[in-house]
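A.B. asks: Next up is a structure, given as structure tokens.
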Amino acid sequence: MMPGPSYHTIVFSRLFLIALLPLILPAEDRWIGLKSGPFEVLSNAGDKTAREKLMYLEQFRETLRVITGKQEMRMVWPVRVLVLKNVPAVTAPFALGRDARMMAVPDAGTFSRDALKEFARILLYENTTRLPQQVEEGLIELVSTLEVAGTRITLGAPVPDAERTHGWALMQLVTVNPDYRGRSRVMISNLEQSGDFEAACRNAFEKSARQIEQQTDEYLQSGNFATAPVSGRALSLVRDFKLEQLDPDQPKIAMADFLLANGSAAAAAKAYTALRGPASAEGLGLLALTEHKDAEARTLFASAVESKSESARAWLELGRLEADPVKGRTDLKKAGELNPGWAEPHFRLAEREEDNLGQRALFLKKAASLDLRNIDYWQALAKTWTAAKNYVEAQKAWAGAERAGANEEERARIHQVRLQSDKDRADYEIAERKRIADEHEREMQRLKGISDSSIREAEENARKRLNADGAAPPKAEGWWEDMQSDSKVEGVFQRLDCLGRQARLVVQTADGKAVQFAVRDPSKIVLTGGGEKTLSCGAQKPAHKVLVQYLSKPDAKLRTVGEATAIEFR
């Protein structure tokens, strides 16, 4: 969980806001709205200060992008800032409201360091895998003193003495020192992939981790901290920040959302009740959920959806509360479409697929890919793949869970689970191979049994036909007596020349001679021995050792020494 303001601060802020609510939105105020990327600024305190706040947000995001080397610092939820007259800055910074992260600042003030640290924490959470604590916290502290004047950005202004941690000094050193500046993105990229600080230092700075740590300690003790310029985005306060055409209720909705985000339930309920339309129903529905009034919340969300709500939260909560599985899935999918970067709709869809492990895994994989630091998503995915006996994918998911661990203890616990999963996979593969072998053996025995039974049945039927009256079977006579051999040759069966209804068998003896035998009727040749016991025309591949028994009846025309009667394969 991300740390926030203290309990007493929040309580004071809520009471103060409720008391000032009638003063915040006087009817005669002129409101303006500005947008840029994921940011929206609404102000009743004039144009200039609103533009300056918007510029700061854009350049703050750009600075973190440069340091981390990301192509873009995306945000799951837009940020809506209210620049107000006479409003205290003591609020929960960038808390999620109805459909955006909300923040209020007085017109004459700047963003507090606490607010900026929370904003940096959100950006890092939503754009990087978990980094070593000293690196991440040091980076958050570093950008909390960022100075912005239009496109001119200054990084590295020292934090108060009491807050100068080793992590802050490390990040100040590698982003400000000319020897390292610009290579922090290499370090962070390496840490995201493996978490190996030693490799990250060598790849980024060509120094060992010990050398960098030692230099950081010396830098911290010196108390001499420089600053450095950062290339900001080429934005114009006037040209790039266009005024919005505000709906009359838009400032009122924004203030109600702000009160909701800051936990001022009574004031938020009063503000939403005074409004009409889907935003009012959405806000009141979210308030009903906090009071565990699920039936009331479902009615309110259904009303918002019927009024063409575009709030991903409203659609998700309606889908979560929907008893009908088909409607529930439809609502949750709509929530995912309205906010493609939000992981929770996919996680909720996975919860509805208990009996379909494959589909459940796909939803969980999508959720984990959108929220890389959510260890619960990774663990649920790993358990689902394990239940589906897909141990390769389960190992990948456990690796994701290990990277998402918030601290060394949690990562160590997941690592042990991962090792056990790997053992389970090996045990499963051994058992599966044995099961397949056993099934094959049983099938062979079954087929052999069928074959033996068929042979016995055929023999019995033949016996009955030949000996229907029960008399002694006649003596076997016929071609067998005529085919008794008087000679034999041992060698390698080289070739069988098919000559119409007869054939010629060629055998090479041990002394290299080729001996040829006539095969008058291939169907009457007795074949015995192991290996392949078939006769096929042409060269024999592979050539087999054989013992050929034959009648000595030379045939000059065929150039054979006799007629083969039996072939024993060896």
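Within each chain, counting starts at residue 1; across the structure tokens, chains are named A, B, ... in the order shown, with ligands numbered 1 upward in that order.
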Env of Val135 of chain A: 8 Å cut, atoms = only C-alpha atoms, seq-sep filter 2 positions within chain, self excluded. Answer as a tab-separated table (two decimals) with C-alpha atoms, in the first residue's frame.
C.D. replies:
```
chain	number	residue	atom	x	y	z
A	131	LEU	CA	13.02	-1.68	-8.21
A	132	PRO	CA	15.37	-2.09	-5.22
A	133	GLN	CA	13.97	-0.02	-2.36
A	137	GLU	CA	12.72	5.69	-2.77
A	138	GLY	CA	15.84	7.65	-3.67
A	139	LEU	CA	14.39	8.51	-7.08
A	167	GLY	CA	19.22	6.12	-1.71
A	168	TRP	CA	18.62	9.81	-2.41
A	170	LEU	CA	22.79	7.48	-5.02
A	171	MET	CA	20.12	8.74	-7.43
```
A.B. asks: Write out as a count of residues only the residues lying within 7 Å of segment 80-86 of chain A, counting only C-alpha atoms and excluding same-chain residues fewer than 4 positions away.
C.D. replies: 16
A.B. asks: Using only C-alpha atoms, which of the listed residues (A:Ala314, A:Ala518, A:Ala261, A:Ile253) sits closest to Glu282 of chain A?
C.D. replies: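 Once distances to Glu282 of chain A are computed over only C-alpha atoms, the minimum belongs to A:Ala314.
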A.B. asks: Tell me, as a compact mmCIF listing (two decimals) with C-alpha atoms, in the first residue's frame, which residues lie within 12 Å of Thr63 of chain A, counting only C-alpha atoms; anything in the same chain fewer than 6 positions away does not count.
C.D. replies:
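Full text of selection.txt as output:
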```txt
# COMPACT_ATOMS: atom_id res chain seq x y z
CA TYR A 56 4.68 21.49 -14.11
CA LEU A 57 2.78 18.19 -14.31
CA GLY A 69 14.42 5.65 -20.21
CA LYS A 70 10.77 4.85 -20.91
CA GLN A 71 9.22 5.75 -24.25
CA GLU A 72 6.22 7.08 -22.36
CA MET A 73 5.07 7.36 -18.76
CA ALA A 120 6.23 9.94 -8.62
CA LEU A 123 4.16 6.89 -12.15
CA LEU A 124 6.84 4.40 -11.14
CA LEU A 139 14.39 8.51 -7.08
CA ILE A 140 11.09 9.60 -5.51
CA LEU A 142 15.11 13.22 -5.92
CA VAL A 143 12.23 14.44 -8.12
CA SER A 144 10.29 15.86 -5.16
CA THR A 145 12.47 19.01 -5.40
CA LEU A 146 12.18 19.36 -9.17
CA GLU A 147 12.17 22.97 -10.36
CA VAL A 148 10.24 23.84 -13.52
CA THR A 151 10.71 24.25 -20.62
CA ARG A 152 13.64 24.78 -18.23
CA ILE A 153 13.91 21.97 -15.72
CA THR A 154 16.43 21.76 -12.88
CA LEU A 155 17.04 18.42 -11.18
CA GLY A 156 18.85 17.71 -7.95
CA THR A 175 21.53 11.65 -12.52
CA GLY A 182 22.10 10.10 -18.96
CA ARG A 185 18.10 4.60 -17.68
CA ALA A 228 21.69 19.58 -13.49
CA PRO A 229 19.38 20.70 -16.29
CA VAL A 230 16.98 18.20 -17.85
CA SER A 231 15.67 18.47 -21.38
CA GLY A 232 11.99 19.17 -20.95
CA ARG A 233 9.21 18.87 -23.48
```
A.B. asks: Rounded to one decimal in Å, what is the spacing between atom CA of Arg373 of chain A and atom CA of Arg403 of chain A?
C.D. replies: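 Rounded to one decimal, the two atoms are 7.7 Å apart.
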A.B. asks: Enumerate, as a VMD selection string, the complete set of residues in segment 96-203 of chain A that a backbone-based DSSP assignment places in alpha helix (DSSP H).
C.D. replies: chain A and resid 113 to 127 133 to 143 166 to 176 184 to 194 197 to 203
A.B. asks: Any chance you can output those residues with C-alpha atoms as a short mmCIF file (atom, residue, chain, number, x, y, z; two decimals), in the first residue's frame?
C.D. replies:
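Generated output (out.cif):
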```cif
data_model
loop_
_atom_site.label_atom_id
_atom_site.label_comp_id
_atom_site.auth_asym_id
_atom_site.auth_seq_id
_atom_site.Cartn_x
_atom_site.Cartn_y
_atom_site.Cartn_z
CA ARG A 113 6.73 17.69 -1.84
CA ASP A 114 4.45 15.06 -0.34
CA ALA A 115 2.12 15.41 -3.32
CA LEU A 116 4.99 15.16 -5.77
CA LYS A 117 6.39 12.08 -4.04
CA GLU A 118 2.99 10.42 -4.29
CA PHE A 119 2.74 11.37 -7.95
CA ALA A 120 6.23 9.94 -8.62
CA ARG A 121 5.29 6.76 -6.74
CA ILE A 122 2.20 6.33 -8.94
CA LEU A 123 4.16 6.89 -12.15
CA LEU A 124 6.84 4.40 -11.14
CA TYR A 125 4.27 1.82 -10.01
CA GLU A 126 2.40 2.01 -13.30
CA ASN A 127 5.44 2.07 -15.59
CA GLN A 133 13.97 -0.02 -2.36
CA GLN A 134 16.93 2.37 -2.08
CA VAL A 135 16.77 3.10 -5.82
CA GLU A 136 13.02 3.63 -5.94
CA GLU A 137 12.72 5.69 -2.77
CA GLY A 138 15.84 7.65 -3.67
CA LEU A 139 14.39 8.51 -7.08
CA ILE A 140 11.09 9.60 -5.51
CA GLU A 141 12.94 11.89 -3.10
CA LEU A 142 15.11 13.22 -5.92
CA VAL A 143 12.23 14.44 -8.12
CA HIS A 166 21.81 6.89 0.99
CA GLY A 167 19.22 6.12 -1.71
CA TRP A 168 18.62 9.81 -2.41
CA ALA A 169 22.38 10.46 -2.66
CA LEU A 170 22.79 7.48 -5.02
CA MET A 171 20.12 8.74 -7.43
CA GLN A 172 21.32 12.34 -7.11
CA LEU A 173 24.84 11.19 -7.99
CA VAL A 174 23.96 9.08 -11.04
CA THR A 175 21.53 11.65 -12.52
CA VAL A 176 23.46 14.87 -11.84
CA SER A 184 20.57 6.07 -15.18
CA ARG A 185 18.10 4.60 -17.68
CA VAL A 186 20.55 1.74 -18.36
CA MET A 187 20.82 1.01 -14.65
CA ILE A 188 17.06 1.06 -14.15
CA SER A 189 16.44 -1.12 -17.22
CA ASN A 190 18.87 -3.71 -15.87
CA LEU A 191 17.29 -3.62 -12.42
CA GLU A 192 13.84 -4.10 -13.89
CA GLN A 193 14.97 -7.20 -15.74
CA SER A 194 17.00 -8.96 -13.05
CA PHE A 197 22.54 -4.23 -8.69
CA GLU A 198 26.06 -5.43 -9.47
CA ALA A 199 25.27 -6.10 -13.14
CA ALA A 200 23.29 -2.87 -13.37
CA CYS A 201 26.25 -0.79 -12.14
CA ARG A 202 28.72 -2.47 -14.46
CA ASN A 203 26.48 -2.16 -17.51
#
```
A.B. asks: I need the strand (DSSP E) residues of segment 22-77 of chain A per DSSP on the backbone, written as a ChimeraX atom specification.
C.D. replies: /A:32-36,39-43
A.B. asks: Restricted to N, CA and C atoms, what would the selected residues look like written as a PDB file, in the first residue's frame?
C.D. replies:
```
ATOM      1  N   ILE A  32     -12.302  27.916 -15.772  1.00  0.00           N
ATOM      2  CA  ILE A  32     -11.664  27.559 -17.033  1.00  0.00           C
ATOM      3  C   ILE A  32     -11.153  26.131 -16.930  1.00  0.00           C
ATOM      4  N   GLY A  33     -10.992  25.502 -18.078  1.00  0.00           N
ATOM      5  CA  GLY A  33     -10.453  24.144 -18.109  1.00  0.00           C
ATOM      6  C   GLY A  33      -9.368  24.025 -19.160  1.00  0.00           C
ATOM      7  N   LEU A  34      -8.307  23.306 -18.820  1.00  0.00           N
ATOM      8  CA  LEU A  34      -7.189  23.062 -19.734  1.00  0.00           C
ATOM      9  C   LEU A  34      -6.858  21.577 -19.720  1.00  0.00           C
ATOM     10  N   LYS A  35      -6.433  21.050 -20.874  1.00  0.00           N
ATOM     11  CA  LYS A  35      -6.068  19.642 -20.960  1.00  0.00           C
ATOM     12  C   LYS A  35      -4.750  19.482 -21.681  1.00  0.00           C
ATOM     13  N   SER A  36      -3.988  18.468 -21.255  1.00  0.00           N
ATOM     14  CA  SER A  36      -2.768  18.075 -21.952  1.00  0.00           C
ATOM     15  C   SER A  36      -2.457  16.636 -21.570  1.00  0.00           C
ATOM     16  N   PHE A  39      -3.636  14.887 -18.285  1.00  0.00           N
ATOM     17  CA  PHE A  39      -3.875  15.904 -17.263  1.00  0.00           C
ATOM     18  C   PHE A  39      -5.004  16.850 -17.661  1.00  0.00           C
ATOM     19  N   GLU A  40      -5.787  17.212 -16.655  1.00  0.00           N
ATOM     20  CA  GLU A  40      -6.822  18.227 -16.820  1.00  0.00           C
ATOM     21  C   GLU A  40      -6.744  19.158 -15.611  1.00  0.00           C
ATOM     22  N   VAL A  41      -6.779  20.449 -15.867  1.00  0.00           N
ATOM     23  CA  VAL A  41      -6.758  21.445 -14.799  1.00  0.00           C
ATOM     24  C   VAL A  41      -8.021  22.282 -14.900  1.00  0.00           C
ATOM     25  N   LEU A  42      -8.751  22.345 -13.796  1.00  0.00           N
ATOM     26  CA  LEU A  42      -9.920  23.223 -13.695  1.00  0.00           C
ATOM     27  C   LEU A  42      -9.603  24.295 -12.666  1.00  0.00           C
ATOM     28  N   SER A  43      -9.887  25.518 -13.005  1.00  0.00           N
ATOM     29  CA  SER A  43      -9.491  26.604 -12.108  1.00  0.00           C
ATOM     30  C   SER A  43     -10.561  27.692 -12.049  1.00  0.00           C
TER      31      SER A  43
END
```
A.B. asks: Which of these, A:Arg446, A:Lys366, A:Arg411, A:Arg418, has the shortest distance to Lys396 of chain A once you count only C-alpha atoms?
C.D. replies: A:Arg418
A.B. asks: What's around segment 346-351 of chain A at 8 Å? Count only C-alpha atoms, leave out sequence neighbours fewer than 2 positions away in its own chain, and write the answer as a list in words.
C.D. replies: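 Once the adjacent positions are removed, what remains is Arg320, Arg329, Leu332, Lys333, Gly336, Ala343, Glu344, Glu353, Glu354, Gln359, Arg360, Ala361, Leu362, Phe363, Leu364, Lys366, Ala367 and Tyr377 of chain A.
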A.B. asks: Rounded to one decimal in Å, what is the spacing between atom CA of Ala149 of chain A and atom CA of Leu54 of chain A?
C.D. replies: 11.7 Å
A.B. asks: Got a sec: who's within 12 Å of Lys327 of chain A, counting only C-alpha atoms, leaving out chain neighbours fewer than 4 positions off, as a ChimeraX atom specification?
C.D. replies: /A:302,315-316,318-323,331-334,349,352
A.B. asks: Take the residues from that selection and write them out as an mmCIF file, in the first residue's frame, keeping C-alpha atoms.
C.D. replies:
```cif
data_model
loop_
_atom_site.group_PDB
_atom_site.id
_atom_site.type_symbol
_atom_site.label_atom_id
_atom_site.label_comp_id
_atom_site.auth_asym_id
_atom_site.auth_seq_id
_atom_site.Cartn_x
_atom_site.Cartn_y
_atom_site.Cartn_z
ATOM 1 C CA ALA A 302 -27.568 0.507 -13.529
ATOM 2 C CA TRP A 315 -19.357 -0.550 -15.387
ATOM 3 C CA LEU A 316 -16.942 -2.641 -13.323
ATOM 4 C CA LEU A 318 -22.148 -3.086 -11.899
ATOM 5 C CA GLY A 319 -20.553 -6.199 -13.404
ATOM 6 C CA ARG A 320 -19.159 -7.230 -10.045
ATOM 7 C CA LEU A 321 -22.587 -6.912 -8.402
ATOM 8 C CA GLU A 322 -24.458 -8.572 -11.289
ATOM 9 C CA ALA A 323 -25.827 -12.021 -10.435
ATOM 10 C CA ASP A 331 -20.349 -5.231 -18.004
ATOM 11 C CA LEU A 332 -16.819 -6.175 -16.972
ATOM 12 C CA LYS A 333 -15.657 -6.350 -20.600
ATOM 13 C CA LYS A 334 -17.145 -2.891 -21.169
ATOM 14 C CA LEU A 349 -13.507 -11.615 -15.387
ATOM 15 C CA ARG A 352 -16.062 -15.725 -13.129
#
```
